[in-house]
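Below is final-v2.txt, holding compact mmCIF, C-alpha atoms and all ligand atoms.
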```txt
# COMPACT_ATOMS: atom_id res chain seq x y z
CA MET A 19 107.08 204.01 48.10
CA LYS A 20 103.31 204.20 48.40
CA ASN A 21 103.65 207.96 48.81
CA ILE A 22 105.51 208.24 45.51
CA TYR A 23 102.65 206.45 43.67
CA CYS A 24 100.12 208.75 45.33
CA LEU A 25 102.14 211.78 44.28
CA LEU A 26 102.44 210.45 40.70
CA ALA A 27 98.66 209.81 40.50
CA PHE A 28 97.95 213.27 41.87
CA TRP A 29 100.31 214.81 39.32
CA LEU A 30 98.72 212.91 36.38
CA ILE A 31 95.12 213.78 37.41
CA THR A 32 95.77 217.46 38.04
CA GLY A 33 97.89 217.60 34.89
CA SER A 34 95.08 216.28 32.67
CA LEU A 35 92.51 218.51 34.39
CA PHE A 36 94.76 221.46 33.72
CA ALA A 37 95.02 220.49 30.05
CA GLN A 38 91.22 220.38 29.78
CA THR A 39 90.74 223.81 31.29
CA LYS A 40 93.63 225.59 29.56
CA PRO A 41 92.49 227.74 26.60
CA GLU A 42 95.80 227.14 24.85
CA ALA A 43 95.01 223.41 24.65
CA THR A 44 92.51 224.01 21.85
CA GLU A 45 94.41 226.68 19.93
CA VAL A 46 95.51 225.68 16.41
CA TRP A 47 98.37 227.75 15.00
CA GLU A 48 99.36 225.87 11.85
CA PRO A 49 98.78 226.30 8.99
CA GLU A 50 98.54 230.07 9.04
CA PRO A 51 96.04 231.40 6.45
CA ARG A 52 97.86 233.54 3.91
CA VAL A 53 97.13 237.24 3.71
CA VAL A 54 94.85 238.51 0.93
CA THR A 55 94.15 242.21 0.51
CA PRO A 56 90.39 242.69 0.33
CA GLY A 57 89.03 244.66 -2.62
CA THR A 58 86.50 247.46 -2.62
CA ILE A 59 83.34 247.01 -4.61
CA SER A 60 85.13 248.28 -7.69
CA SER A 61 88.45 246.46 -7.55
CA ALA A 62 89.54 242.83 -7.43
CA PRO A 63 91.43 241.26 -4.50
CA SER A 64 95.14 240.58 -4.91
CA ASP A 65 94.88 236.89 -5.82
CA ALA A 66 91.97 237.14 -8.30
CA ILE A 67 92.06 236.44 -12.02
CA VAL A 68 90.56 239.53 -13.64
CA LEU A 69 88.22 238.44 -16.43
CA PHE A 70 87.04 241.92 -17.41
CA ASP A 71 88.12 245.35 -16.19
CA GLY A 72 86.71 247.44 -19.05
CA THR A 73 89.90 247.32 -21.11
CA ASP A 74 89.18 244.56 -23.61
CA LEU A 75 87.56 241.16 -24.16
CA SER A 76 90.87 239.29 -24.33
CA GLU A 77 89.70 236.76 -21.72
CA TRP A 78 86.53 235.98 -23.72
CA VAL A 79 85.49 234.31 -26.97
CA SER A 80 82.21 233.70 -28.74
CA ALA A 81 80.57 230.57 -27.33
CA LYS A 82 79.15 229.84 -30.79
CA ASP A 83 82.36 229.37 -32.73
CA GLY A 84 85.30 230.26 -30.47
CA GLY A 85 85.92 233.44 -32.50
CA ALA A 86 86.26 236.93 -31.11
CA ALA A 87 83.60 238.00 -28.60
CA GLN A 88 81.37 240.58 -30.30
CA TRP A 89 79.84 242.38 -27.33
CA LYS A 90 80.32 246.14 -27.19
CA ILE A 91 82.72 247.85 -24.77
CA GLU A 92 81.80 251.36 -23.60
CA GLY A 93 83.71 253.01 -20.78
CA ASP A 94 84.22 250.47 -17.99
CA HIS A 95 81.56 248.00 -19.11
CA MET A 96 80.48 245.68 -21.92
CA THR A 97 76.98 245.24 -23.27
CA VAL A 98 75.27 242.34 -24.99
CA VAL A 99 74.90 242.90 -28.73
CA LYS A 100 71.71 241.10 -29.69
CA GLY A 101 72.27 238.19 -32.03
CA THR A 102 76.04 237.94 -31.55
CA GLY A 103 75.52 235.05 -29.15
CA ASP A 104 76.79 234.01 -25.76
CA ILE A 105 80.39 234.68 -24.76
CA MET A 106 82.59 232.43 -22.66
CA THR A 107 85.91 232.64 -20.85
CA LYS A 108 89.00 231.23 -22.51
CA ARG A 109 89.99 229.84 -19.14
CA GLU A 110 88.26 226.83 -17.64
CA PHE A 111 87.42 226.44 -13.97
CA ASN A 112 86.26 224.04 -11.30
CA ASP A 113 85.45 225.45 -7.84
CA ILE A 114 85.40 229.23 -7.84
CA GLN A 115 84.42 232.46 -6.18
CA LEU A 116 83.09 234.78 -8.86
CA HIS A 117 82.35 238.50 -8.67
CA ILE A 118 80.35 240.06 -11.46
CA GLU A 119 78.50 243.36 -11.79
CA PHE A 120 75.55 243.80 -14.12
CA ARG A 121 73.04 246.43 -15.14
CA ALA A 122 69.63 245.98 -16.70
CA PRO A 123 68.80 248.52 -19.43
CA ALA A 124 67.58 251.84 -17.96
CA VAL A 125 64.89 252.07 -20.61
CA ILE A 126 62.36 249.39 -19.74
CA GLU A 127 61.39 247.23 -22.68
CA GLY A 128 59.53 243.96 -22.52
CA GLU A 129 58.23 242.13 -19.48
CA GLY A 130 58.72 238.93 -17.53
CA GLN A 131 61.58 236.91 -18.97
CA GLY A 132 62.02 239.46 -21.78
CA ARG A 133 63.32 242.28 -19.60
CA GLY A 134 67.05 242.50 -18.90
CA ASN A 135 67.49 238.77 -19.39
CA SER A 136 70.99 237.34 -19.46
CA GLY A 137 72.66 234.73 -17.32
CA VAL A 138 75.86 233.60 -15.66
CA PHE A 139 76.49 229.98 -16.57
CA LEU A 140 78.98 228.20 -14.32
CA GLN A 141 80.91 225.56 -16.24
CA MET A 142 78.79 226.44 -19.31
CA ARG A 143 75.85 224.50 -17.83
CA TYR A 144 74.53 225.84 -14.55
CA GLU A 145 72.74 229.19 -14.80
CA VAL A 146 72.39 231.85 -12.17
CA GLN A 147 69.68 233.96 -13.78
CA VAL A 148 70.32 237.59 -14.65
CA LEU A 149 67.02 239.40 -15.12
CA ASP A 150 65.43 242.75 -14.36
CA SER A 151 63.20 241.49 -11.56
CA TYR A 152 62.57 244.98 -10.19
CA GLN A 153 58.78 245.24 -10.08
CA ASN A 154 58.67 242.70 -12.88
CA ARG A 155 56.96 239.44 -12.02
CA THR A 156 57.86 236.17 -13.65
CA TYR A 157 57.99 232.59 -12.38
CA SER A 158 59.88 232.56 -9.09
CA ASN A 159 62.37 229.91 -10.13
CA GLY A 160 63.24 232.00 -13.16
CA GLN A 161 63.61 235.46 -11.58
CA ALA A 162 66.90 237.25 -10.95
CA GLY A 163 69.18 235.21 -8.73
CA SER A 164 67.34 231.96 -9.27
CA VAL A 165 69.32 228.86 -10.08
CA TYR A 166 67.21 228.71 -13.21
CA LYS A 167 64.25 226.29 -12.88
CA GLN A 168 65.86 224.74 -9.79
CA HIS A 169 66.04 227.15 -6.84
CA ILE A 170 63.97 230.25 -6.03
CA PRO A 171 66.08 233.07 -4.49
CA LEU A 172 65.49 233.60 -0.76
CA VAL A 173 64.58 237.26 -1.38
CA ASN A 174 64.37 239.69 -4.27
CA ALA A 175 67.37 242.01 -3.80
CA CYS A 176 67.13 243.70 -7.21
CA LYS A 177 67.99 247.32 -7.77
CA ALA A 178 66.10 249.44 -10.29
CA PRO A 179 66.90 249.11 -14.00
CA GLY A 180 69.88 251.25 -14.95
CA GLU A 181 71.58 250.75 -11.56
CA TRP A 182 74.68 248.60 -11.18
CA GLN A 183 74.21 245.39 -9.21
CA THR A 184 76.57 242.69 -7.94
CA TYR A 185 76.57 238.94 -7.76
CA ASP A 186 79.12 237.19 -5.60
CA ILE A 187 78.88 233.52 -6.43
CA ILE A 188 80.53 230.59 -4.72
CA PHE A 189 80.43 227.52 -6.89
CA THR A 190 81.50 224.00 -6.02
CA ALA A 191 81.72 221.89 -9.16
CA PRO A 192 80.10 218.46 -9.37
CA ARG A 193 82.28 215.35 -9.14
CA PHE A 194 82.03 212.32 -11.42
CA ASN A 195 83.67 208.92 -11.06
CA LYS A 196 85.66 207.05 -13.73
CA ASP A 197 82.44 205.55 -15.09
CA GLY A 198 80.96 209.00 -15.63
CA ILE A 199 78.51 208.69 -12.74
CA LYS A 200 77.93 211.80 -10.63
CA VAL A 201 79.16 211.11 -7.10
CA ALA A 202 78.76 214.64 -5.70
CA SER A 203 76.43 217.43 -6.80
CA ALA A 204 77.46 220.98 -7.58
CA TYR A 205 76.58 223.62 -4.97
CA LEU A 206 75.87 227.32 -5.33
CA THR A 207 75.87 230.21 -2.91
CA VAL A 208 74.84 233.60 -4.31
CA ILE A 209 75.05 237.02 -2.67
CA HIS A 210 73.11 239.66 -4.61
CA ASN A 211 73.93 243.29 -3.80
CA GLY A 212 75.34 242.11 -0.47
CA VAL A 213 72.27 240.01 0.36
CA LEU A 214 72.37 236.21 0.61
CA ILE A 215 69.86 234.81 -1.87
CA GLN A 216 71.11 231.23 -2.43
CA ASN A 217 72.59 229.48 0.58
CA HIS A 218 74.69 226.50 -0.53
CA VAL A 219 71.92 224.99 -2.66
CA GLU A 220 72.36 221.67 -4.44
CA VAL A 221 72.44 221.94 -8.21
CA LYS A 222 70.34 219.10 -9.60
CA GLY A 223 72.13 219.07 -12.95
CA THR A 224 72.29 221.16 -16.12
CA THR A 225 70.00 224.16 -16.60
CA GLU A 226 67.20 223.12 -18.93
CA TYR A 227 64.51 225.38 -20.38
CA ILE A 228 62.35 222.32 -21.03
CA GLY A 229 62.53 219.09 -19.10
CA GLN A 230 64.71 217.74 -16.35
CA PRO A 231 68.36 218.57 -15.46
CA LYS A 232 70.99 216.26 -16.92
CA ASN A 233 74.18 214.98 -15.31
CA LYS A 234 76.60 213.99 -18.04
CA ALA A 235 80.20 213.84 -16.79
CA HIS A 236 82.48 216.79 -17.53
CA GLY A 237 85.65 218.39 -16.27
CA LYS A 238 86.79 221.99 -15.93
CA ALA A 239 84.77 224.35 -18.08
CA SER A 240 84.33 228.01 -18.99
CA ILE A 241 82.08 230.64 -17.48
CA LYS A 242 79.47 231.69 -20.03
CA LEU A 243 77.42 234.89 -20.24
CA GLN A 244 74.13 234.76 -22.08
CA ASP A 245 72.91 236.79 -25.05
CA HIS A 246 69.15 236.67 -24.44
CA SER A 247 68.57 239.54 -26.90
CA ASN A 248 68.41 242.20 -24.16
CA PRO A 249 71.16 244.87 -23.88
CA THR A 250 72.31 243.92 -20.38
CA SER A 251 75.71 245.32 -19.36
CA PHE A 252 78.53 243.79 -17.31
CA ARG A 253 81.60 245.17 -15.60
CA ASN A 254 84.28 244.30 -13.02
CA ILE A 255 84.38 240.54 -13.42
CA TRP A 256 86.92 238.59 -11.43
CA VAL A 257 87.32 235.06 -10.20
CA ARG A 258 89.27 233.24 -7.49
CA GLU A 259 89.98 229.55 -7.90
CA LEU A 260 89.23 227.63 -4.73
MG MG B 1 68.84 233.91 -18.61
```

Hey, can you dump this file as C-alpha cells for me?
Ligand code: MG
Amino acid sequence: MKNIYCLLAFWLITGSLFAQTKPEATEVWEPEPRVVTPGTISSAPSDAIVLFDGTDLSEWVSAKDGGAAQWKIEGDHMTVVKGTGDIMTKREFNDIQLHIEFRAPAVIEGEGQGRGNSGVFLQMRYEVQVLDSYQNRTYSNGQAGSVYKQHIPLVNACKAPGEWQTYDIIFTAPRFNKDGIKVASAYLTVIHNGVLIQNHVEVKGTTEYIGQPKNKAHGKASIKLQDHSNPTSFRNIWVREL
C-alpha cells in the first residue's frame, strides 16, 4: 500500500515538472487572429474603409455647414482651396488606425506656421499637425507631427516640400462616464514616413491655439482636415476601426 502512495506522489511531482518544462504548456491557440492582406504604400488593406482614393469627395463634407466639400481634386489627390474651410468625414469614429498621405506645396511660400500648414483632427478636436517642417523652424510643439501644443515629435522625419509623405496614426479615443467626467485620456501614436514620432502619448484634451486643453464629454466623431490657407494636398486616405 505504501508503495502505491509513493508511486502516486512520484507520478504527480514528475507530471507537474513536465508541465512546467513543456513548451506546449504555454501555447495559446484560440482565438486565431483573422487574416488581413497587407497593403502597399499606395493601396489600402482589405478591411479598411477608404475615405479618399482620388475618385471623389463623397466621404467628406464641409465642416462649416455640412454642405459639399469644396477642395479641388486633381489626378489622385485633393488640395485645400483657401477660404473654403475645413472638411470632415461623414462617418464618425472612436478608436482607429488612420493612413493619410500629404504633400506640402513645392513652391515655398511663407515661413514657420504659414508654410504648408494643415492638420489631421481626430474626432474633430485633437490635432496631429501637418506642416512643412523641412528646414523651416517653428515652435517644437507646433511642428509637423506634433500633437499640437501638447507633444513635440520625437524626431523631424519631414521630406522636402513637393514630396509625398505619410502619417500612420493610431488613435485611442477618450472615455467619459455618465456624468460627463473624463475617466480615460485619448492616446496617439504617429508614424511619419515610416518613422515613429509619437509613441502612445497621452492627449491632454482638445487642441487649443490659446489656453489650456478642454475635456468636455463627447462620443464618436468625424476626422477633420484643416484649411489653414495653404494649398496642402492629400491622397490615399483610409481608416480601420479598432
Ligand atoms: Mg494645423

Have a look at CA of Val201 (chain A) and CA of Gly160 (chain A) and let me know their distance in Å, one decimal.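 Computed distance, CA of Val201 (chain A) to CA of Gly160 (chain A), equals 27.0 Å.
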
Would you pick out the contacts of Ile114 (chain A) at 10 Å or less, using all atoms listed in the file, so that residues sharing its chain but fewer than 5 positions from it are not included, and give the list as a list in words? Leu140, Ile187, Ile188, Phe189, Thr190, Ala191, Val257, Arg258, Glu259 and Leu260 of chain A

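Here CA of Asp74 (chain A) stands at a distance of 7.3 Å from CA of Ile91 (chain A).
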
Nearest to ligand MG 1 (chain B) among A:Lys196, A:His210, A:Arg155, A:Arg133, with distances taken over only C-alpha atoms and all ligand atoms: which residue is it? A:Arg133

With the cut-off set at 8 Å and counting only C-alpha atoms and all ligand atoms, tabulate each residue of chain A with an atom at most that distance from an atom of ligand MG 1 (chain B), showing the nearest atom pair and its distance in Å to one decimal, ordered by chain and increasing number, as a Markdown table.
```
| residue | atom | partner | partner_atom | distance |
| --- | --- | --- | --- | --- |
| A:Gln131 | CA | B:MG1 | MG | 7.9 |
| A:Asn135 | CA | B:MG1 | MG | 5.1 |
| A:Ser136 | CA | B:MG1 | MG | 4.1 |
| A:Gly137 | CA | B:MG1 | MG | 4.1 |
| A:Val138 | CA | B:MG1 | MG | 7.6 |
| A:Glu145 | CA | B:MG1 | MG | 7.2 |
| A:Val146 | CA | B:MG1 | MG | 7.6 |
| A:Gln147 | CA | B:MG1 | MG | 4.9 |
| A:Val148 | CA | B:MG1 | MG | 5.6 |
| A:Leu149 | CA | B:MG1 | MG | 6.8 |
| A:Tyr166 | CA | B:MG1 | MG | 7.7 |
| A:Gln244 | CA | B:MG1 | MG | 6.4 |
| A:His246 | CA | B:MG1 | MG | 6.5 |
```

Box in all listed atoms of region 193-206 of chain A, axis-aligned, with 3 Å more on each side; write out centre and edge lengths in Å to one decimal as AutoDock Vina command-line options.
```
--center_x 80.8 --center_y 216.4 --center_z -10.3 --size_x 15.8 --size_y 27.8 --size_z 16.7
```

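The two atoms in question, CA of Asp186 (chain A) and CA of Asp83 (chain A), are spaced 28.4 Å apart.
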
Residue neighbourhood region 116-126 of chain A, 7 Å, all atoms listed in the file, exclusion window fewer than 2 positions, as a list in words: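 The neighbour list is Ile114, Gly128, Gly134, Asp150, Pro179, Gly180, Glu181, Trp182, Gln183, Thr184, Tyr185, Asp186, Ile187, Ile188, Pro249, Thr250, Ser251, Phe252, Arg253, Asn254, Ile255, Trp256, Val257 and Arg258 of chain A.
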
Selection: 12 Å around His236 (chain A), all atoms listed in the file, excl. self and same-chain fewer than 5 positions, as a CSV table (one decimal) with C-alpha atoms, keeping the file's coordinate frame:
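What landed in selection_11.csv:
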```csv
chain,number,residue,atom,x,y,z
A,110,GLU,CA,88.3,226.8,-17.6
A,111,PHE,CA,87.4,226.4,-14.0
A,112,ASN,CA,86.3,224.0,-11.3
A,141,GLN,CA,80.9,225.6,-16.2
A,142,MET,CA,78.8,226.4,-19.3
A,143,ARG,CA,75.8,224.5,-17.8
A,191,ALA,CA,81.7,221.9,-9.2
A,192,PRO,CA,80.1,218.5,-9.4
A,193,ARG,CA,82.3,215.4,-9.1
A,194,PHE,CA,82.0,212.3,-11.4
A,195,ASN,CA,83.7,208.9,-11.1
A,196,LYS,CA,85.7,207.0,-13.7
A,197,ASP,CA,82.4,205.6,-15.1
A,198,GLY,CA,81.0,209.0,-15.6
A,199,ILE,CA,78.5,208.7,-12.7
A,200,LYS,CA,77.9,211.8,-10.6
A,204,ALA,CA,77.5,221.0,-7.6
A,223,GLY,CA,72.1,219.1,-13.0
A,224,THR,CA,72.3,221.2,-16.1
```

Using only C-alpha atoms: which of A:Tyr157, A:Leu206, A:Lys167, A:Thr73 has the shortest distance to Gln115 (chain A):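 Of all the options, A:Leu206 lies closest to Gln115 (chain A).
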
Incomplete region 162-180 of chain A brought to N, CA, C and O atoms, written out as a PDB file, in the frame of the given file:
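Output file selection-v2.pdb follows:
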```pdb
ATOM      1  N   ALA A 162      65.491 236.935 -11.189  1.00  0.00           N
ATOM      2  CA  ALA A 162      66.900 237.250 -10.950  1.00  0.00           C
ATOM      3  C   ALA A 162      67.407 236.514  -9.720  1.00  0.00           C
ATOM      4  O   ALA A 162      66.745 236.500  -8.678  1.00  0.00           O
ATOM      5  N   GLY A 163      68.566 235.904  -9.867  1.00  0.00           N
ATOM      6  CA  GLY A 163      69.180 235.210  -8.730  1.00  0.00           C
ATOM      7  C   GLY A 163      68.679 233.799  -8.527  1.00  0.00           C
ATOM      8  O   GLY A 163      69.147 233.104  -7.624  1.00  0.00           O
ATOM      9  N   SER A 164      67.743 233.373  -9.367  1.00  0.00           N
ATOM     10  CA  SER A 164      67.340 231.960  -9.270  1.00  0.00           C
ATOM     11  C   SER A 164      68.453 231.108  -9.862  1.00  0.00           C
ATOM     12  O   SER A 164      69.202 231.563 -10.732  1.00  0.00           O
ATOM     13  N   VAL A 165      68.575 229.874  -9.345  1.00  0.00           N
ATOM     14  CA  VAL A 165      69.320 228.860 -10.080  1.00  0.00           C
ATOM     15  C   VAL A 165      68.241 228.351 -11.034  1.00  0.00           C
ATOM     16  O   VAL A 165      67.290 227.688 -10.597  1.00  0.00           O
ATOM     17  N   TYR A 166      68.341 228.747 -12.286  1.00  0.00           N
ATOM     18  CA  TYR A 166      67.210 228.710 -13.210  1.00  0.00           C
ATOM     19  C   TYR A 166      66.477 227.363 -13.217  1.00  0.00           C
ATOM     20  O   TYR A 166      67.089 226.318 -13.414  1.00  0.00           O
ATOM     21  N   LYS A 167      65.174 227.444 -12.917  1.00  0.00           N
ATOM     22  CA  LYS A 167      64.250 226.290 -12.880  1.00  0.00           C
ATOM     23  C   LYS A 167      64.595 225.277 -11.789  1.00  0.00           C
ATOM     24  O   LYS A 167      64.086 224.162 -11.795  1.00  0.00           O
ATOM     25  N   GLN A 168      65.492 225.687 -10.845  1.00  0.00           N
ATOM     26  CA  GLN A 168      65.860 224.740  -9.790  1.00  0.00           C
ATOM     27  C   GLN A 168      65.678 225.329  -8.384  1.00  0.00           C
ATOM     28  O   GLN A 168      65.161 224.655  -7.506  1.00  0.00           O
ATOM     29  N   HIS A 169      66.112 226.569  -8.183  1.00  0.00           N
ATOM     30  CA  HIS A 169      66.040 227.150  -6.840  1.00  0.00           C
ATOM     31  C   HIS A 169      65.576 228.606  -6.900  1.00  0.00           C
ATOM     32  O   HIS A 169      66.192 229.437  -7.567  1.00  0.00           O
ATOM     33  N   ILE A 170      64.506 228.891  -6.158  1.00  0.00           N
ATOM     34  CA  ILE A 170      63.970 230.250  -6.030  1.00  0.00           C
ATOM     35  C   ILE A 170      64.910 231.035  -5.107  1.00  0.00           C
ATOM     36  O   ILE A 170      65.338 230.501  -4.078  1.00  0.00           O
ATOM     37  N   PRO A 171      65.249 232.300  -5.440  1.00  0.00           N
ATOM     38  CA  PRO A 171      66.080 233.070  -4.490  1.00  0.00           C
ATOM     39  C   PRO A 171      65.341 233.304  -3.174  1.00  0.00           C
ATOM     40  O   PRO A 171      64.116 233.390  -3.160  1.00  0.00           O
ATOM     41  N   LEU A 172      66.091 233.417  -2.091  1.00  0.00           N
ATOM     42  CA  LEU A 172      65.490 233.600  -0.760  1.00  0.00           C
ATOM     43  C   LEU A 172      64.711 234.911  -0.668  1.00  0.00           C
ATOM     44  O   LEU A 172      63.690 234.993   0.006  1.00  0.00           O
ATOM     45  N   VAL A 173      65.246 235.943  -1.327  1.00  0.00           N
ATOM     46  CA  VAL A 173      64.580 237.260  -1.380  1.00  0.00           C
ATOM     47  C   VAL A 173      64.847 237.873  -2.755  1.00  0.00           C
ATOM     48  O   VAL A 173      65.692 237.389  -3.499  1.00  0.00           O
ATOM     49  N   ASN A 174      64.130 238.932  -3.047  1.00  0.00           N
ATOM     50  CA  ASN A 174      64.370 239.690  -4.270  1.00  0.00           C
ATOM     51  C   ASN A 174      65.179 240.934  -3.898  1.00  0.00           C
ATOM     52  O   ASN A 174      64.652 241.865  -3.302  1.00  0.00           O
ATOM     53  N   ALA A 175      66.476 240.917  -4.197  1.00  0.00           N
ATOM     54  CA  ALA A 175      67.370 242.010  -3.800  1.00  0.00           C
ATOM     55  C   ALA A 175      67.719 242.915  -4.975  1.00  0.00           C
ATOM     56  O   ALA A 175      68.746 243.596  -4.971  1.00  0.00           O
ATOM     57  N   CYS A 176      66.854 242.925  -5.989  1.00  0.00           N
ATOM     58  CA  CYS A 176      67.130 243.700  -7.210  1.00  0.00           C
ATOM     59  C   CYS A 176      67.124 245.202  -6.975  1.00  0.00           C
ATOM     60  O   CYS A 176      66.313 245.725  -6.225  1.00  0.00           O
ATOM     61  N   LYS A 177      68.023 245.869  -7.681  1.00  0.00           N
ATOM     62  CA  LYS A 177      67.990 247.320  -7.770  1.00  0.00           C
ATOM     63  C   LYS A 177      67.209 247.695  -9.033  1.00  0.00           C
ATOM     64  O   LYS A 177      66.956 246.847  -9.885  1.00  0.00           O
ATOM     65  N   ALA A 178      66.885 248.959  -9.148  1.00  0.00           N
ATOM     66  CA  ALA A 178      66.100 249.440 -10.290  1.00  0.00           C
ATOM     67  C   ALA A 178      66.895 249.291 -11.595  1.00  0.00           C
ATOM     68  O   ALA A 178      68.131 249.301 -11.582  1.00  0.00           O
ATOM     69  N   PRO A 179      66.200 249.159 -12.711  1.00  0.00           N
ATOM     70  CA  PRO A 179      66.900 249.110 -14.000  1.00  0.00           C
ATOM     71  C   PRO A 179      67.783 250.347 -14.172  1.00  0.00           C
ATOM     72  O   PRO A 179      67.415 251.440 -13.741  1.00  0.00           O
ATOM     73  N   GLY A 180      68.948 250.141 -14.770  1.00  0.00           N
ATOM     74  CA  GLY A 180      69.880 251.250 -14.950  1.00  0.00           C
ATOM     75  C   GLY A 180      70.889 251.382 -13.822  1.00  0.00           C
ATOM     76  O   GLY A 180      71.885 252.081 -13.957  1.00  0.00           O
TER      77      GLY A 180
END
```
